Structures are given as C-alpha cells and as structure tokens.
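Data block for protein_7.cif (mmCIF, C-alpha atoms and all ligand atoms; chains and numbers go by the auth columns):
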data_model
#
loop_
_atom_site.group_PDB
_atom_site.id
_atom_site.type_symbol
_atom_site.label_atom_id
_atom_site.label_comp_id
_atom_site.label_asym_id
_atom_site.label_seq_id
_atom_site.Cartn_x
_atom_site.Cartn_y
_atom_site.Cartn_z
_atom_site.B_iso_or_equiv
_atom_site.auth_seq_id
_atom_site.auth_asym_id
ATOM 1 C CA MET A 1 38.576 -55.272 -49.587 0.00 14 F
ATOM 2 C CA ARG A 2 36.166 -54.906 -52.472 0.00 15 F
ATOM 3 C CA THR A 3 33.507 -56.865 -50.626 0.00 16 F
ATOM 4 C CA LYS A 4 33.940 -54.669 -47.599 0.00 17 F
ATOM 5 C CA LEU A 5 33.750 -51.559 -49.732 0.00 18 F
ATOM 6 C CA THR A 6 30.593 -52.747 -51.461 0.00 19 F
ATOM 7 C CA ALA A 7 29.019 -53.437 -48.097 0.00 20 F
ATOM 8 C CA ARG A 8 29.878 -49.943 -47.022 0.00 21 F
ATOM 9 C CA VAL A 9 28.347 -48.482 -50.145 0.00 22 F
ATOM 10 C CA PHE A 10 25.181 -50.443 -49.550 0.00 23 F
ATOM 11 C CA ALA A 11 25.059 -49.539 -45.876 0.00 24 F
ATOM 12 C CA LEU A 12 25.628 -45.901 -46.651 0.00 25 F
ATOM 13 C CA GLY A 13 22.997 -45.975 -49.363 0.00 26 F
ATOM 14 C CA VAL A 14 20.450 -47.393 -46.951 0.00 27 F
ATOM 15 C CA CYS A 15 21.569 -44.915 -44.334 0.00 28 F
ATOM 16 C CA VAL A 16 20.961 -42.066 -46.746 0.00 29 F
ATOM 17 C CA LEU A 17 17.834 -43.238 -48.502 0.00 30 F
ATOM 18 C CA LEU A 18 15.692 -44.560 -45.665 0.00 31 F
ATOM 19 C CA PRO A 19 15.579 -41.321 -43.687 0.00 32 F
ATOM 20 C CA LEU A 20 14.764 -39.503 -46.918 0.00 33 F
ATOM 21 C CA ALA A 21 11.763 -41.727 -47.573 0.00 34 F
ATOM 22 C CA THR A 22 10.586 -41.461 -43.978 0.00 35 F
ATOM 23 C CA ALA A 23 11.194 -37.752 -43.837 0.00 36 F
ATOM 24 C CA SER A 24 9.174 -37.041 -46.950 0.00 37 F
ATOM 25 C CA VAL A 25 6.100 -38.536 -45.328 0.00 38 F
ATOM 26 C CA SER A 26 6.366 -37.543 -41.698 0.00 39 F
ATOM 27 C CA GLN A 27 8.513 -34.439 -41.593 0.00 40 F
ATOM 28 C CA ALA A 28 7.563 -32.505 -44.674 0.00 41 F
ATOM 29 C CA ALA A 29 6.952 -29.404 -42.598 0.00 42 F
ATOM 30 C CA SER A 30 10.397 -29.550 -41.018 0.00 43 F
ATOM 31 C CA SER A 31 12.606 -28.450 -43.881 0.00 44 F
ATOM 32 C CA GLN A 32 15.918 -28.589 -42.029 0.00 45 F
ATOM 33 C CA ALA A 33 15.422 -32.079 -40.612 0.00 46 F
ATOM 34 C CA ALA A 34 13.711 -33.610 -43.589 0.00 47 F
ATOM 35 C CA SER A 35 16.387 -33.548 -46.239 0.00 48 F
ATOM 36 C CA PHE A 36 19.138 -35.917 -45.055 0.00 49 F
ATOM 37 C CA PRO A 37 20.144 -38.266 -42.269 0.00 50 F
ATOM 38 C CA THR A 38 21.284 -36.581 -39.104 0.00 51 F
ATOM 39 C CA ALA A 39 22.170 -39.676 -37.089 0.00 52 F
ATOM 40 C CA VAL A 40 25.778 -40.009 -38.183 0.00 53 F
ATOM 41 C CA THR A 41 27.800 -41.971 -35.678 0.00 54 F
ATOM 42 C CA PRO A 42 31.390 -41.052 -34.736 0.00 55 F
ATOM 43 C CA HIS A 43 34.045 -42.464 -37.028 0.00 56 F
ATOM 44 C CA ASP A 44 37.635 -43.455 -36.545 0.00 57 F
ATOM 45 C CA SER A 45 39.003 -42.272 -39.866 0.00 58 F
ATOM 46 C CA VAL A 46 38.989 -38.968 -41.645 0.00 59 F
ATOM 47 C CA ARG A 47 39.219 -38.207 -45.350 0.00 60 F
ATOM 48 C CA VAL A 48 41.870 -35.584 -46.025 0.00 61 F
ATOM 49 C CA VAL A 49 41.248 -33.462 -49.106 0.00 62 F
ATOM 50 C CA TYR A 50 44.357 -31.717 -50.352 0.00 63 F
ATOM 51 C CA TYR A 51 43.907 -28.434 -52.143 0.00 64 F
ATOM 52 C CA GLU A 52 46.080 -25.836 -53.837 0.00 65 F
ATOM 53 C CA ASP A 53 45.261 -22.175 -54.430 0.00 66 F
ATOM 54 C CA THR A 54 48.429 -20.817 -56.012 0.00 67 F
ATOM 55 C CA ASP A 55 46.348 -19.301 -58.824 0.00 68 F
ATOM 56 C CA ALA A 56 43.607 -17.974 -56.554 0.00 69 F
ATOM 57 C CA GLY A 57 45.089 -14.477 -56.288 0.00 70 F
ATOM 58 C CA ASP A 58 43.157 -12.225 -53.912 0.00 71 F
ATOM 59 C CA TRP A 59 40.903 -15.140 -52.997 0.00 72 F
ATOM 60 C CA GLN A 60 43.655 -16.914 -51.040 0.00 73 F
ATOM 61 C CA SER A 61 42.604 -15.343 -47.746 0.00 74 F
ATOM 62 C CA ASP A 62 39.003 -16.378 -48.459 0.00 75 F
ATOM 63 C CA VAL A 63 40.189 -19.912 -49.182 0.00 76 F
ATOM 64 C CA ALA A 64 41.983 -19.951 -45.830 0.00 77 F
ATOM 65 C CA THR A 65 38.807 -18.740 -44.118 0.00 78 F
ATOM 66 C CA ALA A 66 36.476 -21.137 -45.928 0.00 79 F
ATOM 67 C CA THR A 67 38.634 -24.229 -45.409 0.00 80 F
ATOM 68 C CA ALA A 68 38.929 -23.343 -41.711 0.00 81 F
ATOM 69 C CA VAL A 69 35.146 -22.981 -41.485 0.00 82 F
ATOM 70 C CA TRP A 70 34.560 -26.390 -43.053 0.00 83 F
ATOM 71 C CA ASN A 71 37.288 -28.011 -40.959 0.00 84 F
ATOM 72 C CA SER A 72 35.706 -26.711 -37.779 0.00 85 F
ATOM 73 C CA SER A 73 32.222 -27.730 -38.921 0.00 86 F
ATOM 74 C CA VAL A 74 32.679 -31.341 -40.036 0.00 87 F
ATOM 75 C CA ASP A 75 34.567 -34.293 -38.565 0.00 88 F
ATOM 76 C CA ASP A 76 34.784 -36.842 -41.372 0.00 89 F
ATOM 77 C CA VAL A 77 36.621 -34.756 -43.953 0.00 90 F
ATOM 78 C CA LYS A 78 39.301 -32.100 -43.610 0.00 91 F
ATOM 79 C CA PHE A 79 40.867 -29.681 -46.082 0.00 92 F
ATOM 80 C CA VAL A 80 44.673 -29.551 -45.978 0.00 93 F
ATOM 81 C CA GLU A 81 46.912 -27.500 -48.253 0.00 94 F
ATOM 82 C CA ALA A 82 48.861 -29.696 -50.657 0.00 95 F
ATOM 83 C CA ASP A 83 52.639 -29.936 -50.354 0.00 96 F
ATOM 84 C CA SER A 84 55.493 -31.757 -52.035 0.00 97 F
ATOM 85 C CA GLU A 85 54.361 -35.065 -50.576 0.00 98 F
ATOM 86 C CA HIS A 86 50.623 -34.687 -51.090 0.00 99 F
ATOM 87 C CA GLN A 87 49.188 -33.902 -54.494 0.00 100 F
ATOM 88 C CA ALA A 88 46.156 -31.624 -54.621 0.00 101 F
ATOM 89 C CA THR A 89 42.835 -33.072 -55.750 0.00 102 F
ATOM 90 C CA VAL A 90 41.159 -29.672 -55.460 0.00 103 F
ATOM 91 C CA HIS A 91 42.373 -26.682 -57.461 0.00 104 F
ATOM 92 C CA LEU A 92 41.098 -23.189 -56.731 0.00 105 F
ATOM 93 C CA ILE A 93 41.645 -20.496 -59.341 0.00 106 F
ATOM 94 C CA ALA A 94 40.598 -16.868 -59.692 0.00 107 F
ATOM 95 C CA THR A 95 38.566 -15.992 -62.774 0.00 108 F
ATOM 96 C CA SER A 96 36.887 -12.875 -64.111 0.00 109 F
ATOM 97 C CA GLY A 97 33.507 -14.586 -64.619 0.00 110 F
ATOM 98 C CA TRP A 98 30.947 -16.132 -62.278 0.00 111 F
ATOM 99 C CA PRO A 99 31.885 -18.803 -59.733 0.00 112 F
ATOM 100 C CA GLU A 100 31.733 -22.374 -60.952 0.00 113 F
ATOM 101 C CA THR A 101 32.815 -25.723 -59.573 0.00 114 F
ATOM 102 C CA SER A 102 33.480 -28.869 -61.563 0.00 115 F
ATOM 103 C CA SER A 103 33.664 -32.065 -59.546 0.00 116 F
ATOM 104 C CA ASP A 104 33.934 -35.653 -60.725 0.00 117 F
ATOM 105 C CA ASP A 105 33.724 -36.990 -57.211 0.00 118 F
ATOM 106 C CA PRO A 106 33.353 -35.535 -53.706 0.00 119 F
ATOM 107 C CA GLY A 107 36.766 -34.408 -52.530 0.00 120 F
ATOM 108 C CA SER A 108 38.111 -33.515 -55.946 0.00 121 F
ATOM 109 C CA GLY A 109 37.553 -30.901 -58.626 0.00 122 F
ATOM 110 C CA THR A 110 38.246 -27.391 -59.803 0.00 123 F
ATOM 111 C CA VAL A 111 36.783 -24.283 -58.206 0.00 124 F
ATOM 112 C CA GLU A 112 36.590 -21.132 -60.290 0.00 125 F
ATOM 113 C CA LEU A 113 36.359 -18.176 -57.941 0.00 126 F
ATOM 114 C CA GLY A 114 34.630 -15.660 -60.151 0.00 127 F
ATOM 115 C CA GLU A 115 35.264 -11.982 -59.576 0.00 128 F
ATOM 116 C CA GLU A 116 32.032 -10.948 -61.276 0.00 129 F
ATOM 117 C CA ALA A 117 30.009 -12.167 -58.293 0.00 130 F
ATOM 118 C CA VAL A 118 32.080 -10.004 -55.957 0.00 131 F
ATOM 119 C CA SER A 119 31.607 -7.057 -58.315 0.00 132 F
ATOM 120 C CA GLU A 120 27.867 -7.659 -58.049 0.00 133 F
ATOM 121 C CA GLY A 121 28.153 -7.373 -54.270 0.00 134 F
ATOM 122 C CA TYR A 122 28.242 -10.989 -53.110 0.00 135 F
ATOM 123 C CA SER A 123 30.455 -11.960 -50.170 0.00 136 F
ATOM 124 C CA ALA A 124 33.772 -13.526 -51.201 0.00 137 F
ATOM 125 C CA PRO A 125 34.140 -15.750 -48.093 0.00 138 F
ATOM 126 C CA ARG A 126 30.555 -16.987 -48.546 0.00 139 F
ATOM 127 C CA ILE A 127 31.162 -17.686 -52.233 0.00 140 F
ATOM 128 C CA THR A 128 34.311 -19.625 -51.413 0.00 141 F
ATOM 129 C CA ALA A 129 32.654 -21.685 -48.676 0.00 142 F
ATOM 130 C CA HIS A 130 29.700 -22.359 -51.030 0.00 143 F
ATOM 131 C CA GLU A 131 31.959 -23.615 -53.826 0.00 144 F
ATOM 132 C CA LEU A 132 33.841 -25.828 -51.372 0.00 145 F
ATOM 133 C CA GLY A 133 30.436 -27.186 -50.395 0.00 146 F
ATOM 134 C CA HIS A 134 30.138 -28.397 -54.000 0.00 147 F
ATOM 135 C CA ILE A 135 33.563 -30.016 -53.683 0.00 148 F
ATOM 136 C CA LEU A 136 32.222 -31.876 -50.646 0.00 149 F
ATOM 137 C CA GLY A 137 29.273 -33.163 -52.676 0.00 150 F
ATOM 138 C CA LEU A 138 26.547 -30.661 -51.855 0.00 151 F
ATOM 139 C CA PRO A 139 24.240 -29.483 -54.665 0.00 152 F
ATOM 140 C CA ASP A 140 22.797 -26.010 -54.985 0.00 153 F
ATOM 141 C CA ASN A 141 19.662 -25.197 -53.040 0.00 154 F
ATOM 142 C CA TYR A 142 18.519 -21.746 -54.045 0.00 155 F
ATOM 143 C CA ASN A 143 15.916 -21.400 -51.302 0.00 156 F
ATOM 144 C CA GLY A 144 16.941 -17.910 -50.215 0.00 157 F
ATOM 145 C CA ASP A 145 17.913 -19.045 -46.708 0.00 158 F
ATOM 146 C CA CYS A 146 20.947 -17.079 -45.538 0.00 159 F
ATOM 147 C CA ALA A 147 21.530 -19.574 -42.725 0.00 160 F
ATOM 148 C CA ALA A 148 22.510 -22.113 -45.366 0.00 161 F
ATOM 149 C CA LEU A 149 25.575 -22.016 -47.610 0.00 162 F
ATOM 150 C CA MET A 150 24.123 -23.784 -50.621 0.00 163 F
ATOM 151 C CA SER A 151 21.385 -21.187 -51.018 0.00 164 F
ATOM 152 C CA GLY A 152 24.160 -19.232 -52.729 0.00 165 F
ATOM 153 C CA HIS A 153 23.211 -16.003 -54.430 0.00 166 F
ATOM 154 C CA SER A 154 19.483 -16.573 -53.777 0.00 167 F
ATOM 155 C CA ALA A 155 20.051 -15.229 -50.256 0.00 168 F
ATOM 156 C CA GLY A 156 21.038 -11.878 -51.719 0.00 169 F
ATOM 157 C CA THR A 157 24.072 -9.653 -51.460 0.00 170 F
ATOM 158 C CA ASP A 158 23.286 -8.726 -47.857 0.00 171 F
ATOM 159 C CA CYS A 159 23.911 -12.320 -46.798 0.00 172 F
ATOM 160 C CA THR A 160 27.494 -12.811 -45.653 0.00 173 F
ATOM 161 C CA ASN A 161 27.053 -16.076 -43.749 0.00 174 F
ATOM 162 C CA ASP A 162 29.982 -18.351 -44.571 0.00 175 F
ATOM 163 C CA HIS A 163 29.047 -21.296 -42.329 0.00 176 F
ATOM 164 C CA PRO A 164 27.061 -24.408 -43.328 0.00 177 F
ATOM 165 C CA ASP A 165 23.818 -25.105 -41.495 0.00 178 F
ATOM 166 C CA ALA A 166 23.080 -28.304 -39.567 0.00 179 F
ATOM 167 C CA SER A 167 21.531 -30.026 -42.570 0.00 180 F
ATOM 168 C CA GLU A 168 24.510 -29.256 -44.812 0.00 181 F
ATOM 169 C CA ILE A 169 26.903 -30.496 -42.127 0.00 182 F
ATOM 170 C CA ALA A 170 24.925 -33.741 -41.795 0.00 183 F
ATOM 171 C CA ASN A 171 24.949 -34.231 -45.567 0.00 184 F
ATOM 172 C CA VAL A 172 28.715 -33.859 -45.783 0.00 185 F
ATOM 173 C CA GLU A 173 29.254 -36.166 -42.815 0.00 186 F
ATOM 174 C CA ALA A 174 27.079 -38.764 -44.542 0.00 187 F
ATOM 175 C CA ILE A 175 29.022 -38.472 -47.800 0.00 188 F
ATOM 176 C CA PHE A 176 32.383 -38.834 -46.055 0.00 189 F
ATOM 177 C CA ALA A 177 31.310 -41.151 -43.249 0.00 190 F
ATOM 178 C CA ASP A 178 34.162 -43.259 -41.921 0.00 191 F
ATOM 179 C CA GLY A 179 36.588 -41.696 -44.388 0.00 192 F
ATOM 180 C CA PHE A 180 34.694 -43.075 -47.333 0.00 193 F
ATOM 181 C CA ARG A 181 33.447 -40.936 -50.176 0.00 194 F
ATOM 182 C CA LEU A 182 29.998 -41.709 -51.490 0.00 195 F
ATOM 183 C CA ARG A 183 30.372 -41.854 -55.245 0.00 196 F
ATOM 184 C CA MET A 184 28.261 -39.414 -57.204 0.00 197 F
ATOM 185 C CA PRO A 185 27.868 -38.495 -60.855 0.00 198 F
ATOM 186 C CA ALA A 186 30.202 -35.817 -62.134 0.00 199 F
ATOM 187 C CA HIS A 187 28.753 -32.348 -61.853 0.00 200 F
ATOM 188 C CA VAL A 188 29.396 -28.837 -63.012 0.00 201 F
ATOM 189 C CA TYR A 189 27.838 -26.323 -60.635 0.00 202 F
ATOM 190 C CA ARG A 190 27.424 -22.962 -62.341 0.00 203 F
ATOM 191 C CA ASP A 191 26.621 -20.161 -59.938 0.00 204 F
ATOM 192 C CA ASP A 192 25.752 -17.452 -62.393 0.00 205 F
ATOM 193 C CA ALA A 193 23.164 -15.279 -60.645 0.00 206 F
ATOM 194 C CA ALA A 194 21.580 -14.422 -63.982 0.00 207 F
ATOM 195 C CA THR A 195 20.601 -18.044 -64.520 0.00 208 F
ATOM 196 C CA PRO A 196 17.930 -19.545 -62.259 0.00 209 F
ATOM 197 C CA SER A 197 18.963 -23.179 -62.727 0.00 210 F
ATOM 198 C CA MET A 198 22.635 -23.923 -62.262 0.00 211 F
ATOM 199 C CA LEU A 199 22.930 -27.656 -61.934 0.00 212 F
ATOM 200 C CA VAL A 200 24.430 -29.203 -65.039 0.00 213 F
ATOM 201 C CA HIS A 201 25.126 -32.900 -65.142 0.00 214 F
ATOM 202 C CA GLY A 202 28.514 -33.501 -66.681 0.00 215 F
HETATM 203 ZN ZN ZN B . 26.558 -23.380 -56.303 0.00 301 F
#
What is this file in structure tokens?
Ligand SMILES: [Zn+2]
Amino acid sequence: MRTKLTARVFALGVCVLLPLATASVSQAASSQAASFPTAVTPHDSVRVVYYEDTDAGDWQSDVATATAVWNSSVDDVKFVEADSEHQATVHLIATSGWPETSSDDPGSGTVELGEEAVSEGYSAPRITAHELGHILGLPDNYNGDCAALMSGHSAGTDCTNDHPDASEIANVEAIFADGFRLRMPAHVYRDDAATPSMLVHG
C-alpha cells in the first residue's frame, strides 16, 4: 500500500510539475492555460470531504450554495455535510472579522466566515466559495479577475461570481485526482482586504 501510494505521489508530482515547466516557456502569454495541468483523466474514486456549519449562522445558506457550486464543478472531490456516522474535517464558523481559512491539508481545516467583508460590500456566496477553494488546496491569486474565485477581494465588491474558472477546477482535480489528496504544507489564508499579501505559511 505504501509503495503504491508513493508511486502515486511521484506520478502526481510529475503530472503537476512538468506542465508547469513547459507552460512557463511556451505559454507565458496564456495565463489561464499556463498555471496547472489540464489533462486530468477520469477517475474511479472520489474523495468525500465532510463539513459542518452549525456555528456558521447566517452563512449557512451561502455554505449550501458554495458546496453545491464546487460539487457541480469538480469530479474528484465532493463536499458532504457531516452526520453521526461521518465526522467533519471542515468546520465553518461565522466571525465578526475578515474571512480566514486554516488548512493543514487539502480537504480539512477551519473556515472563518468574516462578517466584516460583507459589511465592506463583498459577496457572501463568493467569499464562501473562495474560502472553500482554500480548503481544496488553492492559494490566493489576487489578480483582479472576477472570472476566478481565488482573485478574492481584488476583483472588487461589484464581483459576485461564485464559480471557479477552468484553471481552478483543473488545479483541484489534480490535487484530488483518483481520490488522493496531494499533501501540502499547512497554510493560513488571511483574506483581509486591507493587507495586500495574505498567504502565511503555518
Ligand atoms: Zn483567500
């Protein structure tokens, strides 16, 4: 089992890294296609990520929307609400501050749904889908592109898009390919709009 797993890690690493190296040389002008592998083959297993939002207050409807968006967008990982038989690895809570997600590993972590961002005019469903993007292993990309989720607050308060773009979908599929989670360093993603750089390695 361990040998098989190691092989998968290696294969996935090659799968991820080679297109990156190629893309940086030949596709620099094509920002959407250049960042991650897009040739993800169909898989026969799916990673289920159980979540609970009992302390998410008014955000619960946004959580329902955002999990449905992700579930309809990606094939290799699905959000399912935790129950008595399935313990949550993702906890969503309402806070009075700015949104923030702490994740030790894709598919697990704590999402702080910060009311201050909504008070500033940012879309609650977009915020929720963005933070769940962190849970799925996506980093921030504050490039101002409203078509993307991980552009976050850089796209402005007029941006209400709550769907990932093709590149973000491909990244998540690569991370969860064949039901396997690509291991990553623990991260705290702080989405305070007053701070230009949010990525903190934990
Ligand atoms: Zn973020």
With the cut-off set at 9 Å and counting all atoms listed in the file, tabulate each residue of chain F with an atom at most that distance from an atom of ligand ZN 301 (chain F), showing the nearest atom pair and its distance in Å to one decimal, ordered by chain and increasing number, as CSV.
residue,atom,partner,partner_atom,distance
F:Pro112,CA,F:ZN301,ZN,7.8
F:Glu113,CA,F:ZN301,ZN,7.0
F:Thr114,CA,F:ZN301,ZN,7.4
F:Ile140,CA,F:ZN301,ZN,8.4
F:His143,CA,F:ZN301,ZN,6.2
F:Glu144,CA,F:ZN301,ZN,5.9
F:Gly146,CA,F:ZN301,ZN,8.0
F:His147,CA,F:ZN301,ZN,6.6
F:Leu151,CA,F:ZN301,ZN,8.5
F:Pro152,CA,F:ZN301,ZN,6.7
F:Asp153,CA,F:ZN301,ZN,4.8
F:Asn154,CA,F:ZN301,ZN,7.8
F:Tyr155,CA,F:ZN301,ZN,8.5
F:Leu162,CA,F:ZN301,ZN,8.9
F:Met163,CA,F:ZN301,ZN,6.2
F:Ser164,CA,F:ZN301,ZN,7.7
F:Gly165,CA,F:ZN301,ZN,6.0
F:His166,CA,F:ZN301,ZN,8.3
F:Tyr202,CA,F:ZN301,ZN,5.4
F:Arg203,CA,F:ZN301,ZN,6.1
F:Asp204,CA,F:ZN301,ZN,4.9
F:Asp205,CA,F:ZN301,ZN,8.5
F:Met211,CA,F:ZN301,ZN,7.2
F:Leu212,CA,F:ZN301,ZN,7.9
Find the distance between atom CA of Gly122 of chain F and atom CA of Asp171 of chain F and write it in Å to one decimal.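 Taking atom CA of Gly122 of chain F and atom CA of Asp171 of chain F, their separation equals 28.5 Å.
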Expansion of the PyMOL selection byres (((chain F and resi 174-181) around 6) and not hetatm) into residues, as a list in words: Gln45, Arg139, Ala142, Ala161, Leu162, Cys172, Thr173, Ile182, Ala183 and Asn184 of chain F
Can you turn the PyMOL selection byres (((chain F and resi 192-200) around 7) and not hetatm) into a concrete residue list for this file, as an NGL selection string? :F and (58-60 or 89-90 or 115-119 or 188-191 or 201-202 or 213-215)
Could you write out that same residue set with C-alpha atoms as a compact mmCIF listing (two decimals), keeping the file's coordinate frame?
# COMPACT_ATOMS: atom_id res chain seq x y z
CA SER F 58 39.00 -42.27 -39.87
CA VAL F 59 38.99 -38.97 -41.64
CA ARG F 60 39.22 -38.21 -45.35
CA ASP F 89 34.78 -36.84 -41.37
CA VAL F 90 36.62 -34.76 -43.95
CA SER F 115 33.48 -28.87 -61.56
CA SER F 116 33.66 -32.06 -59.55
CA ASP F 117 33.93 -35.65 -60.72
CA ASP F 118 33.72 -36.99 -57.21
CA PRO F 119 33.35 -35.53 -53.71
CA ILE F 188 29.02 -38.47 -47.80
CA PHE F 189 32.38 -38.83 -46.06
CA ALA F 190 31.31 -41.15 -43.25
CA ASP F 191 34.16 -43.26 -41.92
CA VAL F 201 29.40 -28.84 -63.01
CA TYR F 202 27.84 -26.32 -60.64
CA VAL F 213 24.43 -29.20 -65.04
CA HIS F 214 25.13 -32.90 -65.14
CA GLY F 215 28.51 -33.50 -66.68
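Here atom CA of Trp83 of chain F stands at a distance of 12.9 Å from atom CA of Gly150 of chain F.
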Expansion of the PyMOL selection byres (((chain F and resi 100) around 12) and not hetatm) into residues, as a PyMOL selection string: chain F and resi 61-65+93-99+101-104+121
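The coordinates place atom CA of Ala130 of chain F at 20.5 Å from atom CA of Thr67 of chain F.
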From the list F:Ile148, F:Thr170, F:Asn156, F:Ile106, which residue is nearest Ser132 of chain F when using only C-alpha atoms? F:Thr170
For Ala77 of chain F: contacts at 12 Å, all atoms listed in the file, fewer than 4 positions along chain excluded, given as an NGL selection string: :F and (64-66 or 69 or 71-73 or 81-84 or 92-94 or 105 or 137-138 or 141-142 or 145)
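Each of F:Gly120, F:Ser136, F:Val185, F:Gly110 was checked against Ala79 of chain F using all atoms listed in the file; the smallest atom-to-atom distance is that of F:Ser136.
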